[in-house]
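Novice: Pasting protein36.cif here (mmCIF, C-alpha atoms and all ligand atoms):
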data_entry
#
loop_
_atom_site.label_atom_id
_atom_site.label_comp_id
_atom_site.auth_asym_id
_atom_site.auth_seq_id
_atom_site.Cartn_x
_atom_site.Cartn_y
_atom_site.Cartn_z
CA MET A 12 160.93 71.95 36.31
CA LEU A 13 157.89 69.81 36.87
CA LEU A 14 154.88 70.69 38.98
CA LEU A 15 153.67 67.56 40.75
CA ARG A 16 150.90 68.95 42.88
CA ARG A 17 149.53 72.33 43.87
CA ASP A 18 147.06 73.72 46.35
CA SER A 19 146.32 76.98 48.10
CA PHE A 20 145.07 77.95 51.52
CA PRO A 21 143.76 81.12 53.13
CA LEU A 22 145.69 82.91 55.86
CA GLN A 23 142.92 84.89 57.47
CA SER A 24 143.01 83.79 61.10
CA SER A 25 145.48 82.38 63.55
CA ASP A 26 143.73 79.02 63.08
CA ASP A 27 144.65 79.22 59.41
CA ILE A 28 148.32 79.52 60.36
CA VAL A 29 148.07 76.34 62.41
CA LYS A 30 146.35 74.60 59.47
CA ALA A 31 148.92 75.87 56.96
CA ARG A 32 151.67 74.48 59.15
CA GLN A 33 149.97 71.09 59.32
CA ILE A 34 149.56 70.99 55.53
CA VAL A 35 153.24 71.83 55.02
CA ARG A 36 154.25 69.12 57.47
CA THR A 37 152.09 66.51 55.72
CA TRP A 38 153.36 67.39 52.23
CA ALA A 39 156.97 67.52 53.42
CA ALA A 40 156.68 64.09 55.03
CA GLU A 41 155.06 62.66 51.90
CA LEU A 42 157.85 64.05 49.72
CA GLY A 43 160.38 62.28 51.90
CA PHE A 44 161.95 65.16 53.85
CA LYS A 45 163.95 64.05 56.88
CA LEU A 46 162.57 65.05 60.25
CA VAL A 47 165.02 67.94 60.68
CA ASP A 48 164.17 69.34 57.26
CA GLN A 49 160.46 68.89 57.87
CA THR A 50 160.83 70.91 61.03
CA LYS A 51 162.80 73.60 59.18
CA ILE A 52 160.32 74.09 56.35
CA VAL A 53 157.35 73.95 58.73
CA THR A 54 158.94 76.57 60.96
CA ALA A 55 159.78 78.80 57.99
CA SER A 56 156.18 78.51 56.78
CA SER A 57 154.93 79.37 60.23
CA GLU A 58 156.99 82.59 60.21
CA LEU A 59 155.92 83.66 56.73
CA ALA A 60 152.27 82.74 57.24
CA ARG A 61 152.23 84.74 60.44
CA ASN A 62 153.86 87.71 58.76
CA ALA A 63 151.24 87.63 55.99
CA TYR A 64 148.54 87.52 58.65
CA ASP A 65 150.00 89.90 61.24
CA HIS A 66 151.78 92.44 59.05
CA GLY A 67 150.06 91.87 55.70
CA LYS A 68 146.46 91.85 56.96
CA GLY A 69 145.92 88.27 55.78
CA GLY A 70 146.63 86.53 52.50
CA ILE A 71 147.11 83.10 51.01
CA MET A 72 149.66 80.33 50.94
CA ILE A 73 150.27 78.41 47.72
CA ILE A 74 151.93 75.07 48.22
CA GLU A 75 153.58 73.18 45.37
CA ALA A 76 155.41 69.90 45.16
CA ILE A 77 158.01 70.26 42.43
CA GLU A 78 160.58 68.13 40.68
CA ASP A 79 163.76 69.32 39.03
CA GLY A 80 165.83 66.63 37.37
CA ASP A 81 166.12 63.97 40.00
CA ARG A 82 165.41 66.08 43.02
CA LYS A 83 162.06 66.85 44.55
CA GLY A 84 161.15 69.87 46.57
CA LEU A 85 158.50 71.98 48.18
CA ARG A 86 157.78 75.49 46.96
CA LEU A 87 155.72 77.77 49.14
CA THR A 88 154.39 81.18 48.17
CA PHE A 89 152.96 83.58 50.72
CA GLN A 90 150.97 86.42 49.28
CA ASP A 91 149.24 89.35 50.87
CA GLN A 92 147.77 92.67 49.80
CA GLY A 93 148.92 94.46 52.92
CA PRO A 94 150.95 97.63 53.38
CA GLY A 95 154.13 96.20 51.86
CA ILE A 96 157.68 96.53 53.17
CA PRO A 97 159.44 99.85 52.47
CA ASP A 98 162.96 98.59 53.12
CA ILE A 99 163.39 94.85 52.57
CA GLU A 100 167.04 94.80 53.56
CA GLN A 101 166.18 96.31 56.90
CA ALA A 102 163.23 93.93 57.40
CA LEU A 103 165.58 91.00 56.83
CA LYS A 104 167.98 92.19 59.55
CA ASP A 105 167.93 90.10 62.69
CA GLY A 106 166.14 91.87 65.49
CA TYR A 107 164.30 94.35 63.31
CA SER A 108 160.59 94.39 64.10
CA THR A 109 157.94 97.06 63.75
CA SER A 110 155.58 95.29 66.11
CA GLY A 111 157.55 94.28 69.16
CA GLY A 112 158.30 90.83 67.80
CA LEU A 113 161.69 89.15 67.94
CA GLY A 114 162.36 90.35 64.40
CA LEU A 115 163.87 87.02 63.44
CA GLY A 116 161.08 85.63 61.26
CA LEU A 117 162.03 86.89 57.84
CA GLY A 118 165.79 86.42 58.13
CA GLY A 119 165.27 83.15 59.99
CA ALA A 120 162.96 81.76 57.31
CA LYS A 121 165.57 82.65 54.70
CA ARG A 122 168.23 80.67 56.58
CA LEU A 123 165.96 77.65 56.96
CA VAL A 124 165.39 77.06 53.23
CA ASN A 125 167.39 76.66 50.01
CA GLU A 126 165.80 79.44 47.97
CA PHE A 127 164.23 82.61 49.18
CA HIS A 128 162.68 85.31 47.07
CA ILE A 129 160.80 88.35 48.29
CA GLU A 130 158.94 91.04 46.41
CA SER A 131 157.12 93.87 48.07
CA THR A 132 155.47 97.07 46.92
CA VAL A 133 154.43 99.68 49.43
CA GLY A 134 150.66 100.00 49.41
CA LYS A 135 150.26 96.91 47.25
CA GLY A 136 151.46 93.94 49.24
CA THR A 137 154.13 91.35 49.72
CA THR A 138 154.99 88.02 48.13
CA VAL A 139 157.55 85.67 49.61
CA ARG A 140 158.49 82.48 47.80
CA ILE A 141 160.66 79.77 49.29
CA VAL A 142 161.93 76.43 48.05
CA LYS A 143 163.39 73.58 50.02
CA TRP A 144 164.79 70.53 48.26
CA VAL A 145 164.54 67.06 49.71
CA MET B 27 104.90 96.18 44.94
CA GLU B 28 101.20 95.89 44.09
CA LYS B 29 101.37 92.19 43.59
CA GLN B 30 103.59 91.66 46.61
CA LYS B 31 100.97 93.41 48.73
CA SER B 32 98.22 91.23 47.39
CA ILE B 33 100.10 88.10 48.35
CA VAL B 34 100.68 89.50 51.79
CA SER B 35 97.02 90.27 52.27
CA LEU B 36 96.12 86.85 50.97
CA LEU B 37 98.47 85.23 53.48
CA LYS B 38 97.14 87.44 56.23
CA ALA B 39 93.53 86.66 55.39
CA LYS B 40 94.18 82.95 55.52
CA GLN B 41 96.71 82.91 58.29
CA ASP B 42 94.63 80.89 60.71
CA THR B 43 94.33 78.05 58.24
CA ILE B 44 97.98 78.25 57.29
CA LEU B 45 99.16 78.27 60.88
CA GLN B 46 96.91 75.37 61.69
CA GLU B 47 98.20 73.31 58.80
CA TRP B 48 101.76 74.33 59.52
CA GLU B 49 101.32 73.25 63.11
CA LYS B 50 100.05 69.87 61.94
CA GLU B 51 103.18 69.50 59.85
CA GLN B 52 105.47 70.52 62.69
CA PHE B 53 103.79 68.24 65.21
CA SER B 54 103.37 65.30 62.91
CA ALA B 55 104.76 61.96 64.00
CA GLY B 56 108.53 61.66 63.73
CA LYS B 57 109.07 65.36 63.23
CA PHE B 58 108.33 66.89 66.59
CA ARG B 59 111.18 66.55 69.07
CA ALA B 60 109.26 66.45 72.31
CA ASP B 61 112.50 65.59 74.07
CA LEU B 62 114.16 68.84 73.02
CA ILE B 63 111.47 71.49 72.89
CA SER B 64 108.06 72.11 74.47
CA PRO B 65 104.94 72.49 72.30
CA ASP B 66 104.36 75.97 73.67
CA GLU B 67 107.84 77.09 72.82
CA LEU B 68 107.60 75.75 69.30
CA LYS B 69 104.22 77.43 68.78
CA GLN B 70 105.66 80.70 69.99
CA GLN B 71 108.58 80.38 67.55
CA MET B 72 106.20 79.69 64.69
CA ARG B 73 104.02 82.62 65.59
CA ASP B 74 107.00 85.00 65.84
CA PHE B 75 108.44 83.78 62.58
CA TRP B 76 105.14 84.10 60.77
CA ASP B 77 104.60 87.66 61.98
CA SER B 78 108.07 88.82 61.02
CA LEU B 79 107.79 87.07 57.65
CA LEU B 80 104.57 88.87 56.78
CA LYS B 81 106.01 92.14 57.96
CA ALA B 82 109.11 91.79 55.82
CA LEU B 83 107.09 90.69 52.80
CA GLY B 84 104.86 93.71 53.18
CA GLN B 85 107.76 96.14 53.52
CA GLU B 86 110.25 95.06 50.93
CA GLU B 87 109.72 95.24 47.22
CA ARG B 88 112.18 92.56 46.39
CA VAL B 89 112.93 89.44 48.31
CA ASP B 90 116.57 89.79 49.18
CA LEU B 91 117.47 88.43 52.58
CA SER B 92 120.39 90.80 52.90
CA ASP B 93 118.04 93.83 52.76
CA GLU B 94 117.41 95.80 55.91
CA GLY B 95 113.72 94.85 55.98
CA TRP B 96 114.57 91.20 56.33
CA LYS B 97 116.83 91.73 59.32
CA PRO B 98 114.21 90.74 61.92
CA VAL B 99 113.51 87.50 60.03
CA ARG B 100 117.20 86.80 59.79
CA SER B 101 117.92 87.38 63.43
CA LEU B 102 114.92 85.31 64.44
CA LEU B 103 116.12 82.38 62.33
CA THR B 104 119.67 82.88 63.57
CA GLU B 105 118.52 82.57 67.17
CA LEU B 106 116.41 79.55 66.32
CA SER B 107 119.20 77.73 64.48
CA LYS B 108 121.74 78.51 67.17
CA SER B 109 119.54 77.24 69.97
CA ARG B 110 118.66 74.14 67.95
CA ALA B 111 122.31 73.40 67.27
CA LYS B 112 122.97 73.65 70.99
CA LEU B 113 119.95 71.55 71.96
CA GLY B 114 120.93 68.71 69.66
CA PHE B 115 118.49 69.01 66.75
CA THR B 116 119.77 67.65 63.44
CA PRO B 117 120.33 70.07 60.52
CA SER B 118 117.29 68.63 58.69
CA GLU B 119 115.05 69.04 61.70
CA THR B 120 116.20 72.62 61.94
CA ALA B 121 115.57 73.38 58.28
CA LEU B 122 112.15 71.67 58.45
CA PHE B 123 110.96 74.50 60.64
CA VAL B 124 110.86 76.61 57.48
CA PHE B 125 110.32 73.96 54.83
CA SER B 126 107.22 72.56 56.51
CA LEU B 127 105.57 75.87 55.72
CA LYS B 128 105.64 75.04 52.03
CA LYS B 129 102.74 72.63 52.01
CA PRO B 130 100.10 74.90 53.57
CA ILE B 131 101.22 77.95 51.60
CA PHE B 132 101.42 76.18 48.27
CA GLN B 133 98.00 74.67 48.89
CA LEU B 134 96.58 78.12 49.42
CA ILE B 135 98.23 79.52 46.28
CA GLN B 136 97.01 76.57 44.28
CA ASP B 137 93.44 77.06 45.44
CA THR B 138 93.53 80.79 44.85
CA PHE B 139 95.02 80.88 41.38
CA GLN B 140 93.84 77.62 39.92
CA ASN B 141 92.15 79.50 37.08
CA ASP B 142 95.21 81.54 36.22
CA PRO B 143 98.02 79.09 35.44
CA ALA B 144 100.56 81.78 34.56
CA ARG B 145 100.00 83.62 37.80
CA LEU B 146 99.91 80.36 39.72
CA GLN B 147 103.29 79.35 38.41
CA LYS B 148 104.79 82.75 39.08
CA GLU B 149 103.55 82.92 42.68
CA LEU B 150 104.59 79.37 43.43
CA TRP B 151 108.02 80.02 42.04
CA ASP B 152 108.50 83.21 44.05
CA LEU B 153 107.35 81.70 47.31
CA ASN B 154 109.34 78.56 46.72
CA THR B 155 112.48 80.60 46.14
CA LEU B 156 111.82 82.60 49.28
CA LEU B 157 111.22 79.58 51.51
CA ASP B 158 114.22 77.80 50.04
CA SER B 159 116.53 80.67 50.82
CA LEU B 160 115.15 80.96 54.35
CA GLY B 161 115.58 77.23 54.86
CA LEU B 162 119.13 77.33 53.57
CA PHE B 163 119.82 80.27 55.82
CA THR B 164 118.86 78.20 58.87
CA THR B 165 121.09 75.36 57.70
CA GLU B 166 124.03 77.66 57.22
CA THR B 167 123.57 79.29 60.58
CA TYR B 168 123.13 75.90 62.17
CA ILE B 169 126.40 74.64 60.72
CA ARG B 170 128.25 77.77 61.67
CA SER B 171 127.16 77.55 65.27
CA LYS B 172 128.03 73.85 65.38
CA GLU B 173 131.51 74.75 64.16
CA GLU B 174 131.70 77.42 66.81
CA ILE B 175 130.73 74.88 69.47
CA ILE B 176 133.36 72.43 68.24
CA ARG B 177 136.00 75.13 68.18
CA ARG B 178 135.22 76.12 71.74
CA GLN B 179 135.34 72.55 72.92
CA GLN B 180 138.69 72.11 71.23
CA GLU B 181 140.00 75.17 72.98
CA GLU B 182 138.77 73.93 76.31
CA MET B 183 140.43 70.61 75.69
CA LEU B 184 143.69 72.25 74.78
CA GLU B 185 143.63 74.21 77.97
CA LEU B 186 142.93 71.08 79.94
CA SER B 187 145.86 69.31 78.37
CA THR B 188 148.38 71.68 79.92
CA PRO B 189 148.07 71.25 83.65
CA VAL B 190 150.57 72.81 85.96
CA VAL B 191 151.86 69.98 88.11
CA LYS B 192 153.46 70.32 91.48
CA ILE B 193 156.54 68.11 91.45
CA TRP B 194 157.86 68.74 94.93
CA GLU B 195 157.81 71.54 97.47
CA GLN B 196 158.71 74.68 95.55
CA ILE B 197 158.89 72.90 92.18
CA VAL B 198 156.18 73.10 89.53
CA ALA B 199 156.22 71.72 86.00
CA VAL B 200 154.10 72.27 82.94
CA PRO B 201 154.36 69.81 80.08
CA LEU B 202 153.30 71.63 76.91
CA ILE B 203 151.59 69.38 74.41
CA GLY B 204 150.38 70.21 70.93
CA THR B 205 150.28 73.24 68.76
CA LEU B 206 151.10 76.47 70.48
CA ASP B 207 149.13 79.13 68.70
CA SER B 208 149.45 82.51 70.26
CA ALA B 209 146.14 82.48 72.15
CA ARG B 210 146.84 79.22 73.86
CA THR B 211 150.45 79.99 74.65
CA GLN B 212 149.29 83.12 76.41
CA THR B 213 146.87 81.17 78.64
CA VAL B 214 149.37 78.48 79.46
CA MET B 215 151.97 81.04 80.44
CA GLU B 216 149.53 82.98 82.59
CA ASN B 217 148.49 79.75 84.33
CA LEU B 218 152.07 78.90 85.00
CA LEU B 219 152.77 82.28 86.56
CA GLN B 220 149.70 81.99 88.77
CA GLU B 221 150.70 78.55 89.93
CA ILE B 222 154.18 79.74 90.72
CA VAL B 223 152.69 82.26 93.09
CA ALA B 224 150.15 79.83 94.53
CA ALA B 225 152.78 77.18 95.24
CA SER B 226 155.46 79.65 96.28
CA ALA B 227 157.60 77.80 93.80
CA THR B 228 161.23 78.69 93.26
CA VAL B 229 161.72 76.37 90.31
CA ALA B 230 159.42 76.09 87.31
CA ILE B 231 160.00 73.51 84.60
CA ILE B 232 158.54 74.04 81.14
CA ASP B 233 158.72 70.85 79.13
CA ILE B 234 158.29 71.26 75.37
CA THR B 235 158.78 67.64 74.32
CA GLY B 236 155.22 67.61 72.97
CA VAL B 237 155.48 70.81 70.95
CA PRO B 238 155.97 70.10 67.24
CA THR B 239 156.97 73.61 66.16
CA VAL B 240 158.86 76.31 67.99
CA ASP B 241 158.76 79.45 65.87
CA THR B 242 159.88 82.92 66.90
CA LEU B 243 156.48 83.74 68.42
CA VAL B 244 156.50 80.68 70.66
CA ALA B 245 160.12 81.39 71.56
CA GLN B 246 159.23 84.95 72.46
CA HIS B 247 156.40 83.74 74.70
CA LEU B 248 158.76 81.34 76.41
CA ILE B 249 161.41 83.99 76.94
CA LYS B 250 158.85 86.45 78.33
CA THR B 251 157.49 83.85 80.71
CA VAL B 252 160.93 83.00 81.98
CA SER B 253 161.66 86.67 82.68
CA ALA B 254 158.33 87.17 84.41
CA ALA B 255 158.88 84.08 86.56
CA ARG B 256 162.31 85.36 87.43
CA LEU B 257 160.83 88.61 88.68
CA MET B 258 158.61 86.53 90.92
CA GLY B 259 161.61 84.74 92.36
CA ALA B 260 161.41 81.51 90.39
CA GLU B 261 164.02 80.05 88.13
CA CYS B 262 162.70 78.46 84.93
CA ILE B 263 164.09 75.39 83.27
CA ILE B 264 163.12 74.53 79.72
CA SER B 265 163.33 70.85 78.99
CA GLY B 266 162.60 68.57 76.07
CA ILE B 267 164.05 70.63 73.25
CA ARG B 268 164.35 67.90 70.64
CA PRO B 269 167.39 67.90 68.32
CA GLN B 270 165.46 69.00 65.23
CA ILE B 271 163.96 71.88 67.16
CA ALA B 272 167.34 72.91 68.58
CA GLN B 273 168.78 72.98 65.06
CA THR B 274 165.90 74.97 63.70
CA MET B 275 166.18 77.49 66.51
CA ILE B 276 169.84 78.02 65.71
CA HIS B 277 168.96 78.86 62.09
CA LEU B 278 166.19 81.15 63.23
CA GLY B 279 168.71 82.93 65.44
CA VAL B 280 166.69 82.37 68.59
CA SER B 281 168.72 81.60 71.64
CA PHE B 282 167.65 80.73 75.15
CA GLN B 283 170.98 82.21 76.23
CA ASP B 284 170.71 82.74 79.96
CA ILE B 285 167.92 80.23 80.43
CA THR B 286 168.70 76.83 81.93
CA THR B 287 167.82 74.09 79.47
CA LYS B 288 167.83 70.35 79.97
CA ALA B 289 167.45 67.62 77.38
CA THR B 290 164.77 65.70 79.24
CA LEU B 291 162.10 66.30 81.84
CA ALA B 292 163.83 63.81 84.14
CA GLU B 293 167.05 65.80 84.06
CA ALA B 294 165.15 68.99 84.67
CA ILE B 295 163.46 67.51 87.73
CA LYS B 296 166.77 66.24 89.06
CA TYR B 297 168.35 69.65 88.55
CA GLY B 298 165.35 71.39 90.09
CA LEU B 299 165.49 69.24 93.19
CA SER B 300 169.17 69.99 93.65
CA GLN B 301 168.36 73.71 93.44
CA VAL B 302 166.04 73.42 96.45
CA GLY B 303 168.39 71.22 98.43
CA TYR B 304 167.39 67.68 97.54
CA ARG B 305 169.26 64.93 95.79
CA ILE B 306 167.96 61.87 94.01
CA SER B 307 170.04 58.85 94.82
CA LYS B 308 169.74 55.13 94.42
CA MET B 309 169.07 53.13 97.56
CA GLU B 310 171.91 50.90 98.63
N1 LIG A 401 154.07 90.40 54.82
C1 LIG A 401 154.53 91.55 55.35
N2 LIG A 401 153.89 92.73 55.12
C2 LIG A 401 154.34 93.87 55.68
N3 LIG A 401 155.42 93.95 56.47
C3 LIG A 401 156.11 92.83 56.73
C4 LIG A 401 155.70 91.57 56.20
N4 LIG A 401 156.58 90.64 56.62
C5 LIG A 401 157.49 91.28 57.40
N5 LIG A 401 157.21 92.60 57.47
C6 LIG A 401 157.98 93.63 58.17
O1 LIG A 401 159.27 93.12 58.45
C7 LIG A 401 159.53 93.14 59.85
C8 LIG A 401 160.38 91.96 60.24
O2 LIG A 401 159.66 90.74 60.08
P1 LIG A 401 160.08 89.49 60.96
O3 LIG A 401 161.52 89.25 60.74
O4 LIG A 401 159.17 88.37 60.65
O5 LIG A 401 159.89 90.01 62.45
P2 LIG A 401 158.56 90.19 63.34
O6 LIG A 401 157.44 89.49 62.61
O7 LIG A 401 158.90 89.54 64.62
O8 LIG A 401 158.31 91.63 63.46
C9 LIG A 401 158.16 93.17 60.49
O9 LIG A 401 158.18 93.74 61.77
C10 LIG A 401 157.37 94.00 59.49
O10 LIG A 401 157.58 95.36 59.70
MG MG A 402 157.47 87.65 61.80
#
As structure tokens, how would this structure be written, given the file I've shared?
Specialist:
Amino acid sequence: MLLLRRDSFPLQSSDDIVKARQIVRTWAAELGFKLVDQTKIVTASSELARNAYDHGKGGIMIIEAIEDGDRKGLRLTFQDQGPGIPDIEQALKDGYSTSGGLGLGLGGAKRLVNEFHIESTVGKGTTVRIVKWV
Amino acid sequence: MEKQKSIVSLLKAKQDTILQEWEKEQFSAGKFRADLISPDELKQQMRDFWDSLLKALGQEERVDLSDEGWKPVRSLLTELSKSRAKLGFTPSETALFVFSLKKPIFQLIQDTFQNDPARLQKELWDLNTLLDSLGLFTTETYIRSKEEIIRRQQEEMLELSTPVVKIWEQIVAVPLIGTLDSARTQTVMENLLQEIVAASATVAIIDITGVPTVDTLVAQHLIKTVSAARLMGAECIISGIRPQIAQTMIHLGVSFQDITTKATLAEAIKYGLSQVGYRISKME
């Protein structure tokens, strides 16, 4: 797999979430994602960025344009050093929220992309990595 | 400590000359912004800064702006930079307040230590470093408050761009345009609820054609608003859910189940009118 381009952005304020979303939209458009898929990856990034900020006490987003054979894609990594998630399976369940949210962000983001990988250690933090292919 | 003291007493002893020269610098042609600040005000600022500078220099052993002893100097410069950013000074004009102090001070040091080159160099270096860091501090504060001003203006603009429009008796509409971060969504929704009351509306149309992303937070705000409006006796219609957004919402698992949705604002208006007893028809 080839890394075409890489950048990272802070997620320390709700402005940062808006900015992260704009960056993802720009990169997705440049890679040639169709409008529907742009909207899907942008929305997934919005959910994960907000989780890193709201639940994870802030973190960073790493954005990478990748190429695998003849397909291109966008890989996004959301990292925080927050409290971590004790039960990932439960957190992924639709409707589960510890903060009065809709509880659809994590599971929803997973359904919006092609690859979804989550790692979390209580007391250490959470990393979510997603890939969407053009 | 010893040496620091001696510099302070030197500066104190010669302060009249320094202030005079400094004033000349500040009021020299092309530098003084008579349109933005009065001479008296500027003189007062210089005086205050000078006093707090000497005080800090006399108190602290090292020159480290983050030390407690430098707090008064910092807050004075913060105030100054903020007010200058607001008044319309340029960043250079703001930093010159501090930098223009270099000439008179260096002159004094030069005259005093001309027979002791090592000492001369050392003192010049120290004072230069100090004035540089104070000057940079004003620039940084200036830029930060400019950013703050811009951010506030943006916010105000965003609020302006979501007016609640009265469509007909009992019907209000709010076209949402742009990014809905949580702060703004909250305001828009509160506005809408107020307008519903003010207009005794029974139908409220929320048009999201201009919203690029509907994530679960925005959806939750929308759902909450619709329920609140319902409690106040108004039915909400959400219009302008574009196909890509509808698809994304399905994947997210968000549904506007018992909320009336219409593809376009026009359809929503037509439906709203029918709800309050009107019909749009073409003239024969
Ligand atoms: N980065 C994170 N750090 C800690 N906890 C998280 C993180 N992301 C998600 N969670 C937990 O998983 C739950 C479900 O997340 P999500 O599906 O996005 O719903 P919501 O954000 O609406 O609560 C959250 O309520 C929270 O308890
Ligand atoms: Mg969430």
Novice: For ligand LIG 401 (chain A), which residue out of A:Thr132, A:Gln90, A:Asn125, A:Thr109 is the nearest one, using all atoms listed in the file?
Specialist: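 For ligand LIG 401 (chain A), the nearest of the candidates is A:Thr109.
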Novice: Taking only C-alpha atoms and all ligand atoms into account, produce a table as CSV in which each residue of chain B with an atom at most 12 Å from an atom of ligand MG 402 (chain A) appears once, together with its shortest atom pair and the distance in Å to one decimal, ordered by chain and rising number.
Specialist:
residue,atom,partner,partner_atom,distance
B:Asp241,CA,A:MG402,MG,9.2
B:Thr242,CA,A:MG402,MG,7.4
B:Leu243,CA,A:MG402,MG,7.8
B:Val244,CA,A:MG402,MG,11.3
B:Ala245,CA,A:MG402,MG,11.9
B:Gln246,CA,A:MG402,MG,11.1
B:Leu278,CA,A:MG402,MG,11.0
Novice: Using only C-alpha atoms, please write the residues we just selected to a file, as a PDB file, in the frame of the given file.
Specialist:
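What landed in part_18.pdb:
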ATOM      1  CA  ASP B 241     158.760  79.450  65.870  1.00  0.00           C
ATOM      2  CA  THR B 242     159.880  82.920  66.900  1.00  0.00           C
ATOM      3  CA  LEU B 243     156.480  83.740  68.420  1.00  0.00           C
ATOM      4  CA  VAL B 244     156.500  80.680  70.660  1.00  0.00           C
ATOM      5  CA  ALA B 245     160.120  81.390  71.560  1.00  0.00           C
ATOM      6  CA  GLN B 246     159.230  84.950  72.460  1.00  0.00           C
ATOM      7  CA  LEU B 278     166.190  81.150  63.230  1.00  0.00           C
TER       8      LEU B 278
END
Novice: Counting only C-alpha atoms and all ligand atoms, figure out which residue out of A:Ile129, A:Leu85, A:Ala63, A:Met72 gets nearest to ligand LIG 401 (chain A).
Specialist: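 Ranked by minimum distance to ligand LIG 401 (chain A), first place goes to A:Ala63.
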Novice: Of the candidates A:Val142, A:Ala76, A:Val53, A:Leu22, which shows the shortest atom-to-atom distance to ligand LIG 401 (chain A), using all atoms listed in the file?
Specialist: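 Smallest separation from ligand LIG 401 (chain A) among the options: A:Leu22.
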Novice: Could the residues of chain A within 8 Å of chain B, counting all atoms listed in the file, be given as a ChimeraX atom specification, please?
Specialist: /A:25-26,29,46-47,50-51,53-55,57-58,105,112-113,115-116,118-120,122-123
Novice: Rounded to one decimal in Å, what is the spacing between CA of Val214 (chain B) and CA of Ala292 (chain B)?
Specialist: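 Atom-to-atom, CA of Val214 (chain B) to CA of Ala292 (chain B), that is 21.1 Å.
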Novice: Show me a table, sorted first by chain and then by increasing residue number, of the residues of chain A having an atom at most 8 Å from ligand LIG 401 (chain A), each with its shortest atom pair and the distance in Å to one decimal, counting only C-alpha atoms and all ligand atoms and written as a Markdown table.
Specialist:
| residue | atom | partner | partner_atom | distance |
| --- | --- | --- | --- | --- |
| A:Glu58 | CA | A:LIG401 | O4 | 6.2 |
| A:Leu59 | CA | A:LIG401 | O4 | 6.9 |
| A:Arg61 | CA | A:LIG401 | O6 | 7.4 |
| A:Asn62 | CA | A:LIG401 | N4 | 4.5 |
| A:Ala63 | CA | A:LIG401 | N1 | 4.1 |
| A:Tyr64 | CA | A:LIG401 | N1 | 7.3 |
| A:Asp65 | CA | A:LIG401 | O6 | 7.6 |
| A:His66 | CA | A:LIG401 | C2 | 4.5 |
| A:Gly67 | CA | A:LIG401 | N2 | 4.0 |
| A:Lys68 | CA | A:LIG401 | N2 | 7.7 |
| A:Gln90 | CA | A:LIG401 | N1 | 7.5 |
| A:Asp91 | CA | A:LIG401 | N1 | 6.3 |
| A:Gly93 | CA | A:LIG401 | N2 | 5.7 |
| A:Pro94 | CA | A:LIG401 | C2 | 5.6 |
| A:Gly95 | CA | A:LIG401 | C2 | 4.5 |
| A:Ile96 | CA | A:LIG401 | N3 | 4.8 |
| A:Ile99 | CA | A:LIG401 | O1 | 7.4 |
| A:Gln101 | CA | A:LIG401 | O1 | 7.8 |
| A:Ala102 | CA | A:LIG401 | O1 | 4.2 |
| A:Leu103 | CA | A:LIG401 | O3 | 5.9 |
| A:Lys104 | CA | A:LIG401 | O3 | 7.2 |
| A:Asp105 | CA | A:LIG401 | O3 | 6.8 |
| A:Gly106 | CA | A:LIG401 | O3 | 7.1 |
| A:Tyr107 | CA | A:LIG401 | C8 | 5.5 |
| A:Ser108 | CA | A:LIG401 | O9 | 3.4 |
| A:Thr109 | CA | A:LIG401 | O9 | 3.9 |
| A:Ser110 | CA | A:LIG401 | O8 | 5.3 |
| A:Gly111 | CA | A:LIG401 | O8 | 6.3 |
| A:Gly112 | CA | A:LIG401 | O7 | 3.5 |
| A:Leu113 | CA | A:LIG401 | O7 | 4.4 |
| A:Gly114 | CA | A:LIG401 | O5 | 3.2 |
| A:Leu115 | CA | A:LIG401 | O3 | 4.2 |
| A:Gly116 | CA | A:LIG401 | O4 | 3.4 |
| A:Leu117 | CA | A:LIG401 | O3 | 3.8 |
| A:Gly118 | CA | A:LIG401 | O3 | 5.7 |
| A:Gly119 | CA | A:LIG401 | O3 | 7.2 |
| A:Ser131 | CA | A:LIG401 | N2 | 7.8 |
| A:Gly136 | CA | A:LIG401 | N2 | 6.5 |
| A:Thr137 | CA | A:LIG401 | N1 | 5.2 |
| A:Thr138 | CA | A:LIG401 | N1 | 7.2 |
| A:Val139 | CA | A:LIG401 | N1 | 7.9 |
Novice: Record the distance separating CA of Leu79 (chain B) and CA of Thr155 (chain B), expressed in Å with one decimal.
Specialist: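 CA of Thr155 (chain B) lies 14.0 Å from CA of Leu79 (chain B).
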Novice: Could you work out an axis-aligned box for region 197-205 of chain B, taking every atom the file lists and adding 3 Å on each side, and report centre and edge lengths in Å to one decimal, as JSON?
Specialist:
{"center_x": 154.6, "center_y": 71.3, "center_z": 80.5, "size_x": 14.6, "size_y": 9.9, "size_z": 29.4}
Novice: What separation in Å, quoted to one decimal, exists between CA of Leu219 (chain B) and CA of Ala255 (chain B)?
Specialist: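 Going from CA of Leu219 (chain B) over to CA of Ala255 (chain B), I get 6.4 Å.
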Novice: Tell me which residues come within 10 Å of (150.7, 74.1, 58.2), as a PyMOL selection string, counting all atoms listed in the file in the file's coordinates.
Specialist: chain A and resi 20+26-38+52-54+56-57+60+72
Novice: Given all atoms listed in the file as the basis, pick out the residue of A:Asp48, A:Glu75, A:Glu130, A:Asp81 nearest to Pro97 (chain A).
Specialist: A:Glu130
Novice: Please identify all polymer residues within 9 Å of region 86-95 of chain B, counting all atoms listed in the file, omitting same-chain residues fewer than 3 positions from it, and present them as number ranges by chain.
Specialist: B: 27, 30, 81-83, 98-100, 152, 156, 159-160
Novice: Please list as a compact mmCIF listing (two decimals) with C-alpha atoms, in the frame of the given file every residue within 9 Å of Thr165 (chain B), counting only C-alpha atoms and excluding residues in the same chain fewer than 5 positions away.
Specialist:
# COMPACT_ATOMS: atom_id res chain seq x y z
CA SER B 107 119.20 77.73 64.48
CA PRO B 117 120.33 70.07 60.52
CA SER B 118 117.29 68.63 58.69
CA THR B 120 116.20 72.62 61.94
CA ALA B 121 115.57 73.38 58.28
CA LEU B 160 115.15 80.96 54.35
CA ARG B 170 128.25 77.77 61.67
